[in-house]
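S.K.: Take a look at start-v8.cif, mmCIF, N, CA and C atoms:
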data_target
#
loop_
_atom_site.label_atom_id
_atom_site.label_comp_id
_atom_site.auth_asym_id
_atom_site.auth_seq_id
_atom_site.Cartn_x
_atom_site.Cartn_y
_atom_site.Cartn_z
N MET A 934 0.83 -1.19 0.00
CA MET A 934 0.00 0.00 0.00
C MET A 934 0.88 1.25 0.00
N VAL A 935 0.68 2.09 -0.98
CA VAL A 935 1.45 3.33 -1.08
C VAL A 935 0.80 4.36 -0.18
N LYS A 936 1.62 4.98 0.66
CA LYS A 936 1.10 5.99 1.57
C LYS A 936 1.29 7.37 0.96
N SER A 937 0.47 8.28 1.40
CA SER A 937 0.57 9.66 0.91
C SER A 937 0.97 10.57 2.07
N ALA A 938 1.19 11.82 1.75
CA ALA A 938 1.57 12.81 2.77
C ALA A 938 0.51 12.92 3.86
N LYS A 939 -0.75 12.65 3.51
CA LYS A 939 -1.83 12.73 4.49
C LYS A 939 -1.68 11.68 5.59
N ASP A 940 -0.95 10.59 5.29
CA ASP A 940 -0.73 9.55 6.28
C ASP A 940 0.32 9.95 7.32
N TYR A 941 1.00 11.06 7.09
CA TYR A 941 2.05 11.52 7.99
C TYR A 941 1.80 12.97 8.37
N PRO A 942 0.84 13.24 9.26
CA PRO A 942 0.46 14.62 9.56
C PRO A 942 1.57 15.45 10.21
N TYR A 943 2.54 14.82 10.85
CA TYR A 943 3.60 15.58 11.52
C TYR A 943 4.91 15.57 10.74
N SER A 944 4.87 15.10 9.52
CA SER A 944 6.06 15.05 8.67
C SER A 944 6.40 16.45 8.15
N SER A 945 7.67 16.68 7.89
CA SER A 945 8.09 17.96 7.31
C SER A 945 7.71 18.06 5.84
N VAL A 946 7.22 16.98 5.26
CA VAL A 946 6.84 17.01 3.85
C VAL A 946 5.81 18.10 3.57
N HIS A 947 4.91 18.34 4.51
CA HIS A 947 3.88 19.36 4.31
C HIS A 947 4.50 20.75 4.19
N ALA A 948 5.49 21.02 5.00
CA ALA A 948 6.17 22.32 4.94
C ALA A 948 6.94 22.46 3.64
N HIS A 949 7.53 21.38 3.19
CA HIS A 949 8.31 21.46 1.95
C HIS A 949 7.42 21.56 0.71
N LEU A 950 6.25 20.99 0.78
CA LEU A 950 5.33 21.09 -0.35
C LEU A 950 4.66 22.46 -0.42
N SER A 951 4.36 23.02 0.74
CA SER A 951 3.65 24.31 0.76
C SER A 951 4.60 25.50 0.84
N GLY A 952 5.82 25.27 1.32
CA GLY A 952 6.77 26.38 1.49
C GLY A 952 6.63 27.10 2.81
N LYS A 953 5.75 26.63 3.68
CA LYS A 953 5.59 27.27 5.00
C LYS A 953 5.32 26.19 6.05
N ASP A 954 5.83 26.43 7.25
CA ASP A 954 5.68 25.47 8.34
C ASP A 954 4.62 25.97 9.30
N GLU A 955 3.45 25.36 9.24
CA GLU A 955 2.33 25.75 10.11
C GLU A 955 2.62 25.48 11.58
N LEU A 956 3.46 24.48 11.88
CA LEU A 956 3.76 24.13 13.26
C LEU A 956 4.90 24.95 13.84
N GLY A 957 5.65 25.66 13.00
CA GLY A 957 6.74 26.49 13.48
C GLY A 957 7.94 25.70 13.97
N ILE A 958 8.14 24.50 13.42
CA ILE A 958 9.23 23.65 13.89
C ILE A 958 10.46 23.74 13.00
N ILE A 959 10.25 23.84 11.70
CA ILE A 959 11.38 23.86 10.77
C ILE A 959 11.33 25.08 9.88
N ASN A 960 12.42 25.33 9.20
CA ASN A 960 12.46 26.37 8.18
C ASN A 960 12.60 25.66 6.84
N PRO A 961 11.52 25.54 6.08
CA PRO A 961 11.59 24.79 4.83
C PRO A 961 12.41 25.46 3.74
N ASN A 962 12.77 26.72 3.92
CA ASN A 962 13.48 27.44 2.86
C ASN A 962 14.83 26.82 2.52
N HIS A 963 15.53 26.29 3.50
CA HIS A 963 16.84 25.70 3.24
C HIS A 963 16.74 24.57 2.22
N LEU A 964 15.83 23.64 2.44
CA LEU A 964 15.70 22.52 1.51
C LEU A 964 14.99 22.94 0.22
N LEU A 965 14.11 23.93 0.30
CA LEU A 965 13.46 24.41 -0.91
C LEU A 965 14.46 25.05 -1.86
N ASP A 966 15.54 25.60 -1.32
CA ASP A 966 16.60 26.15 -2.16
C ASP A 966 17.32 25.04 -2.93
N LEU A 967 17.34 23.84 -2.39
CA LEU A 967 18.03 22.71 -3.03
C LEU A 967 17.18 22.03 -4.09
N VAL A 968 15.88 21.98 -3.89
CA VAL A 968 14.96 21.29 -4.80
C VAL A 968 13.82 22.24 -5.14
N ASP A 969 13.62 22.52 -6.42
CA ASP A 969 12.59 23.46 -6.84
C ASP A 969 11.17 22.92 -6.64
N ASP A 970 10.95 21.67 -7.01
CA ASP A 970 9.60 21.10 -6.99
C ASP A 970 9.60 19.86 -6.12
N TRP A 971 9.27 20.02 -4.84
CA TRP A 971 9.33 18.91 -3.89
C TRP A 971 8.35 17.80 -4.21
N GLU A 972 7.19 18.15 -4.70
CA GLU A 972 6.20 17.12 -5.01
C GLU A 972 6.74 16.15 -6.07
N THR A 973 7.31 16.70 -7.13
CA THR A 973 7.90 15.86 -8.18
C THR A 973 9.10 15.11 -7.65
N TYR A 974 9.95 15.79 -6.90
CA TYR A 974 11.15 15.15 -6.33
C TYR A 974 10.78 13.95 -5.48
N LEU A 975 9.82 14.11 -4.60
CA LEU A 975 9.42 13.01 -3.72
C LEU A 975 8.78 11.86 -4.51
N ARG A 976 7.98 12.21 -5.48
CA ARG A 976 7.30 11.17 -6.25
C ARG A 976 8.29 10.38 -7.10
N LEU A 977 9.25 11.04 -7.72
CA LEU A 977 10.20 10.37 -8.60
C LEU A 977 11.32 9.67 -7.86
N SER A 978 11.75 10.21 -6.75
CA SER A 978 12.94 9.68 -6.09
C SER A 978 12.65 8.57 -5.09
N GLN A 979 11.42 8.41 -4.67
CA GLN A 979 11.14 7.45 -3.61
C GLN A 979 11.34 6.00 -4.00
N SER A 980 10.91 5.58 -5.16
CA SER A 980 10.95 4.15 -5.48
C SER A 980 12.37 3.61 -5.49
N ASP A 981 13.31 4.34 -6.06
CA ASP A 981 14.71 3.90 -6.07
C ASP A 981 15.27 3.83 -4.66
N LYS A 982 14.98 4.83 -3.86
CA LYS A 982 15.50 4.88 -2.50
C LYS A 982 14.91 3.77 -1.64
N VAL A 983 13.63 3.52 -1.79
CA VAL A 983 12.98 2.47 -1.01
C VAL A 983 13.56 1.11 -1.37
N ASP A 984 13.74 0.84 -2.66
CA ASP A 984 14.33 -0.43 -3.09
C ASP A 984 15.73 -0.62 -2.51
N GLU A 985 16.54 0.43 -2.58
CA GLU A 985 17.90 0.35 -2.06
C GLU A 985 17.91 0.16 -0.55
N LEU A 986 17.06 0.88 0.15
CA LEU A 986 16.96 0.76 1.60
C LEU A 986 16.52 -0.65 1.99
N GLN A 987 15.53 -1.19 1.29
CA GLN A 987 15.06 -2.55 1.59
C GLN A 987 16.15 -3.58 1.34
N LYS A 988 16.93 -3.40 0.27
CA LYS A 988 18.03 -4.33 -0.02
C LYS A 988 19.04 -4.33 1.11
N HIS A 989 19.40 -3.17 1.58
CA HIS A 989 20.38 -3.07 2.66
C HIS A 989 19.82 -3.59 3.97
N ALA A 990 18.54 -3.39 4.20
CA ALA A 990 17.91 -3.90 5.42
C ALA A 990 17.93 -5.43 5.42
N ARG A 991 17.72 -6.04 4.26
CA ARG A 991 17.75 -7.51 4.16
C ARG A 991 19.14 -8.07 4.41
N THR A 992 20.17 -7.38 3.93
CA THR A 992 21.54 -7.90 4.07
C THR A 992 22.17 -7.52 5.40
N GLY A 993 21.60 -6.51 6.06
CA GLY A 993 22.18 -6.06 7.33
C GLY A 993 23.40 -5.17 7.14
N ARG A 994 23.66 -4.76 5.90
CA ARG A 994 24.79 -3.87 5.64
C ARG A 994 24.33 -2.42 5.65
N PRO A 995 25.18 -1.51 6.12
CA PRO A 995 24.78 -0.10 6.17
C PRO A 995 24.65 0.48 4.76
N LEU A 996 23.82 1.49 4.64
CA LEU A 996 23.62 2.19 3.38
C LEU A 996 24.36 3.52 3.46
N GLY A 997 25.29 3.73 2.56
CA GLY A 997 26.04 4.97 2.53
C GLY A 997 27.15 4.90 1.51
N ASP A 998 27.84 6.01 1.30
CA ASP A 998 28.94 6.01 0.34
C ASP A 998 30.16 5.32 0.94
N SER A 999 31.19 5.15 0.13
CA SER A 999 32.38 4.40 0.57
C SER A 999 33.06 5.03 1.78
N GLY A 1000 33.05 6.37 1.85
CA GLY A 1000 33.65 7.04 3.00
C GLY A 1000 32.90 6.74 4.30
N PHE A 1001 31.58 6.74 4.21
CA PHE A 1001 30.76 6.41 5.38
C PHE A 1001 31.00 4.96 5.82
N ILE A 1002 31.03 4.05 4.85
CA ILE A 1002 31.24 2.63 5.17
C ILE A 1002 32.60 2.44 5.81
N GLN A 1003 33.63 3.08 5.28
CA GLN A 1003 34.98 2.96 5.84
C GLN A 1003 35.02 3.49 7.27
N LYS A 1004 34.38 4.61 7.50
CA LYS A 1004 34.35 5.18 8.85
C LYS A 1004 33.63 4.23 9.82
N ALA A 1005 32.50 3.66 9.37
CA ALA A 1005 31.76 2.73 10.21
C ALA A 1005 32.59 1.48 10.50
N GLU A 1006 33.32 0.99 9.50
CA GLU A 1006 34.19 -0.18 9.70
C GLU A 1006 35.27 0.12 10.74
N ASN A 1007 35.87 1.29 10.63
CA ASN A 1007 36.92 1.68 11.59
C ASN A 1007 36.36 1.80 13.00
N MET A 1008 35.17 2.39 13.12
CA MET A 1008 34.57 2.56 14.45
C MET A 1008 34.18 1.22 15.07
N LEU A 1009 33.67 0.30 14.24
CA LEU A 1009 33.18 -0.98 14.74
C LEU A 1009 34.25 -2.07 14.79
N GLY A 1010 35.35 -1.84 14.06
CA GLY A 1010 36.40 -2.85 14.02
C GLY A 1010 35.99 -4.12 13.29
N ARG A 1011 35.15 -3.97 12.27
CA ARG A 1011 34.71 -5.14 11.50
C ARG A 1011 34.45 -4.74 10.05
N VAL A 1012 34.47 -5.73 9.18
CA VAL A 1012 34.25 -5.50 7.76
C VAL A 1012 32.75 -5.43 7.49
N LEU A 1013 32.33 -4.39 6.77
CA LEU A 1013 30.92 -4.19 6.45
C LEU A 1013 30.62 -4.29 4.96
N VAL A 1014 31.67 -4.16 4.12
CA VAL A 1014 31.44 -4.24 2.68
C VAL A 1014 31.18 -5.69 2.28
N LYS A 1015 30.47 -5.86 1.19
CA LYS A 1015 30.15 -7.19 0.70
C LYS A 1015 31.41 -7.86 0.18
N GLY A 1016 31.63 -9.09 0.62
CA GLY A 1016 32.77 -9.85 0.15
C GLY A 1016 32.40 -10.73 -1.03
N LYS A 1017 33.36 -11.48 -1.52
CA LYS A 1017 33.08 -12.40 -2.62
C LYS A 1017 32.19 -13.53 -2.11
N PRO A 1018 31.23 -13.96 -2.94
CA PRO A 1018 30.35 -15.05 -2.52
C PRO A 1018 31.08 -16.39 -2.52
N GLY A 1019 30.54 -17.34 -1.80
CA GLY A 1019 31.10 -18.68 -1.77
C GLY A 1019 31.95 -18.93 -0.55
N PRO A 1020 32.45 -20.18 -0.44
CA PRO A 1020 33.25 -20.52 0.75
C PRO A 1020 34.56 -19.74 0.77
N LYS A 1021 35.02 -19.49 1.97
CA LYS A 1021 36.28 -18.76 2.14
C LYS A 1021 37.45 -19.69 1.83
N ARG A 1022 38.46 -19.15 1.24
CA ARG A 1022 39.64 -19.91 0.87
C ARG A 1022 40.57 -20.05 2.07
N VAL A 1023 41.06 -21.24 2.30
CA VAL A 1023 41.99 -21.48 3.38
C VAL A 1023 43.37 -21.68 2.75
N ASP A 1024 44.33 -20.84 3.17
CA ASP A 1024 45.69 -20.96 2.63
C ASP A 1024 46.41 -22.13 3.30
N ASP A 1025 47.11 -22.96 2.51
CA ASP A 1025 47.90 -24.06 3.06
C ASP A 1025 49.16 -23.49 3.68
N GLN A 1026 49.51 -23.98 4.85
CA GLN A 1026 50.72 -23.49 5.52
C GLN A 1026 51.74 -24.57 5.61
#
As structure tokens, what does this structure read like?
M.R.:
Amino acid sequence: MVKSAKDYPYSSVHAHLSGKDELGIINPNHLLDLVDDWETYLRLSQSDKVDELQKHARTGRPLGDSGFIQKAENMLGRVLVKGKPGPKRVDDQ
């Protein structure tokens, strides 16, 4: 089921679509300067983002650029990037 902005009454989407924040919580002008038509932006950009987010949620890997992933790996002390599939190779000693 596809949800609409009406399903999220406290979302900032309303301020970005109208250009004014009725609740007085955010200043939509900053993001409005980045995107001219929020309605089109949200409609066109959501499907790709949702698919990518769902893929990462299934694998348990973080979603972000290589710099973000590297920083997360350093902080956690573990490998987060996808490795080669299949059994791991054991070197003969």
S.K.: Apply the PyMOL selection byres (((chain A and resi 996 and name CA) around 12) and name CA) to the displayed file and report the matching residues as a list in words.
M.R.: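 Selection result, ordered by chain and number: Lys982, Val983, Asp984, Glu985, Leu986, Gln987, Lys988, His989, Ala990, Arg991, Thr992, Gly993, Arg994, Pro995, Gly997, Asp998, Ser999, Gly1000, Phe1001, Ile1002, Gln1003, Ala1005, Leu1013, Val1014 and Lys1015 of chain A.
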S.K.: Residue by residue, what does the PyMOL selection byres (((chain A and resi 961 and name CA) around 10) and name CA) grab here? Present the result as a list of chain:residue names.
M.R.: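 Against this file, the PyMOL selection byres (((chain A and resi 961 and name CA) around 10) and name CA) returns the residues A:Ser945, A:Val946, A:His947, A:Ala948, A:His949, A:Leu950, A:Ser951, A:Gly952, A:Lys953, A:Asp954, A:Ile958, A:Ile959, A:Asn960, A:Asn962, A:His963, A:Leu964, A:Leu965, A:Asp966.
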S.K.: Give me a file of those residues, with N, CA and C atoms, as a PDB file, in the coordinates of the input.
M.R.:
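Output saved as result-v9.pdb:
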ATOM      1  N   SER A 945       7.670  16.680   7.890  1.00  0.00           N
ATOM      2  CA  SER A 945       8.090  17.960   7.310  1.00  0.00           C
ATOM      3  C   SER A 945       7.710  18.060   5.840  1.00  0.00           C
ATOM      4  N   VAL A 946       7.220  16.980   5.260  1.00  0.00           N
ATOM      5  CA  VAL A 946       6.840  17.010   3.850  1.00  0.00           C
ATOM      6  C   VAL A 946       5.810  18.100   3.570  1.00  0.00           C
ATOM      7  N   HIS A 947       4.910  18.340   4.510  1.00  0.00           N
ATOM      8  CA  HIS A 947       3.880  19.360   4.310  1.00  0.00           C
ATOM      9  C   HIS A 947       4.500  20.750   4.190  1.00  0.00           C
ATOM     10  N   ALA A 948       5.490  21.020   5.000  1.00  0.00           N
ATOM     11  CA  ALA A 948       6.170  22.320   4.940  1.00  0.00           C
ATOM     12  C   ALA A 948       6.940  22.460   3.640  1.00  0.00           C
ATOM     13  N   HIS A 949       7.530  21.380   3.190  1.00  0.00           N
ATOM     14  CA  HIS A 949       8.310  21.460   1.950  1.00  0.00           C
ATOM     15  C   HIS A 949       7.420  21.560   0.710  1.00  0.00           C
ATOM     16  N   LEU A 950       6.250  20.990   0.780  1.00  0.00           N
ATOM     17  CA  LEU A 950       5.330  21.090  -0.350  1.00  0.00           C
ATOM     18  C   LEU A 950       4.660  22.460  -0.420  1.00  0.00           C
ATOM     19  N   SER A 951       4.360  23.020   0.740  1.00  0.00           N
ATOM     20  CA  SER A 951       3.650  24.310   0.760  1.00  0.00           C
ATOM     21  C   SER A 951       4.600  25.500   0.840  1.00  0.00           C
ATOM     22  N   GLY A 952       5.820  25.270   1.320  1.00  0.00           N
ATOM     23  CA  GLY A 952       6.770  26.380   1.490  1.00  0.00           C
ATOM     24  C   GLY A 952       6.630  27.100   2.810  1.00  0.00           C
ATOM     25  N   LYS A 953       5.750  26.630   3.680  1.00  0.00           N
ATOM     26  CA  LYS A 953       5.590  27.270   5.000  1.00  0.00           C
ATOM     27  C   LYS A 953       5.320  26.190   6.050  1.00  0.00           C
ATOM     28  N   ASP A 954       5.830  26.430   7.250  1.00  0.00           N
ATOM     29  CA  ASP A 954       5.680  25.470   8.340  1.00  0.00           C
ATOM     30  C   ASP A 954       4.620  25.970   9.300  1.00  0.00           C
ATOM     31  N   ILE A 958       8.140  24.500  13.420  1.00  0.00           N
ATOM     32  CA  ILE A 958       9.230  23.650  13.890  1.00  0.00           C
ATOM     33  C   ILE A 958      10.460  23.740  13.000  1.00  0.00           C
ATOM     34  N   ILE A 959      10.250  23.840  11.700  1.00  0.00           N
ATOM     35  CA  ILE A 959      11.380  23.860  10.770  1.00  0.00           C
ATOM     36  C   ILE A 959      11.330  25.080   9.880  1.00  0.00           C
ATOM     37  N   ASN A 960      12.420  25.330   9.200  1.00  0.00           N
ATOM     38  CA  ASN A 960      12.460  26.370   8.180  1.00  0.00           C
ATOM     39  C   ASN A 960      12.600  25.660   6.840  1.00  0.00           C
ATOM     40  N   ASN A 962      12.770  26.720   3.920  1.00  0.00           N
ATOM     41  CA  ASN A 962      13.480  27.440   2.860  1.00  0.00           C
ATOM     42  C   ASN A 962      14.830  26.820   2.520  1.00  0.00           C
ATOM     43  N   HIS A 963      15.530  26.290   3.500  1.00  0.00           N
ATOM     44  CA  HIS A 963      16.840  25.700   3.240  1.00  0.00           C
ATOM     45  C   HIS A 963      16.740  24.570   2.220  1.00  0.00           C
ATOM     46  N   LEU A 964      15.830  23.640   2.440  1.00  0.00           N
ATOM     47  CA  LEU A 964      15.700  22.520   1.510  1.00  0.00           C
ATOM     48  C   LEU A 964      14.990  22.940   0.220  1.00  0.00           C
ATOM     49  N   LEU A 965      14.110  23.930   0.300  1.00  0.00           N
ATOM     50  CA  LEU A 965      13.460  24.410  -0.910  1.00  0.00           C
ATOM     51  C   LEU A 965      14.460  25.050  -1.860  1.00  0.00           C
ATOM     52  N   ASP A 966      15.540  25.600  -1.320  1.00  0.00           N
ATOM     53  CA  ASP A 966      16.600  26.150  -2.160  1.00  0.00           C
ATOM     54  C   ASP A 966      17.320  25.040  -2.930  1.00  0.00           C
TER      55      ASP A 966
END
S.K.: Kindly give the distance, in Å, that separates atom CA of A:Gly957 and atom CA of A:Ser944, rounded to a single decimal.
M.R.: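 Going from atom CA of A:Gly957 over to atom CA of A:Ser944 covers 12.4 Å.
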S.K.: Where does DSSP see alpha helix (DSSP H) in stretch 941-1022 of chain A, if you list the residues as a count of residues only?
M.R.: 45
S.K.: What is the atom N of A:Asp1024-atom CA of A:Lys1004 distance in Å, reported with one decimal?
M.R.: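 Distance reported for this atom pair: 28.4 Å.
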S.K.: What is the distance, in Å and to one decimal place, between atom N of A:Pro942 and atom CA of A:Leu956?
M.R.: 12.0 Å
S.K.: Please determine an axis-aligned box that encloses all atoms of stretch 947-963 of chain A listed in the file, with 4 Å added on each side, and express its centre and edge lengths in Å to one decimal as lines of an AutoDock Vina configuration file.
M.R.:
center_x = 9.6
center_y = 22.9
center_z = 6.8
size_x = 22.5
size_y = 17.1
size_z = 22.4
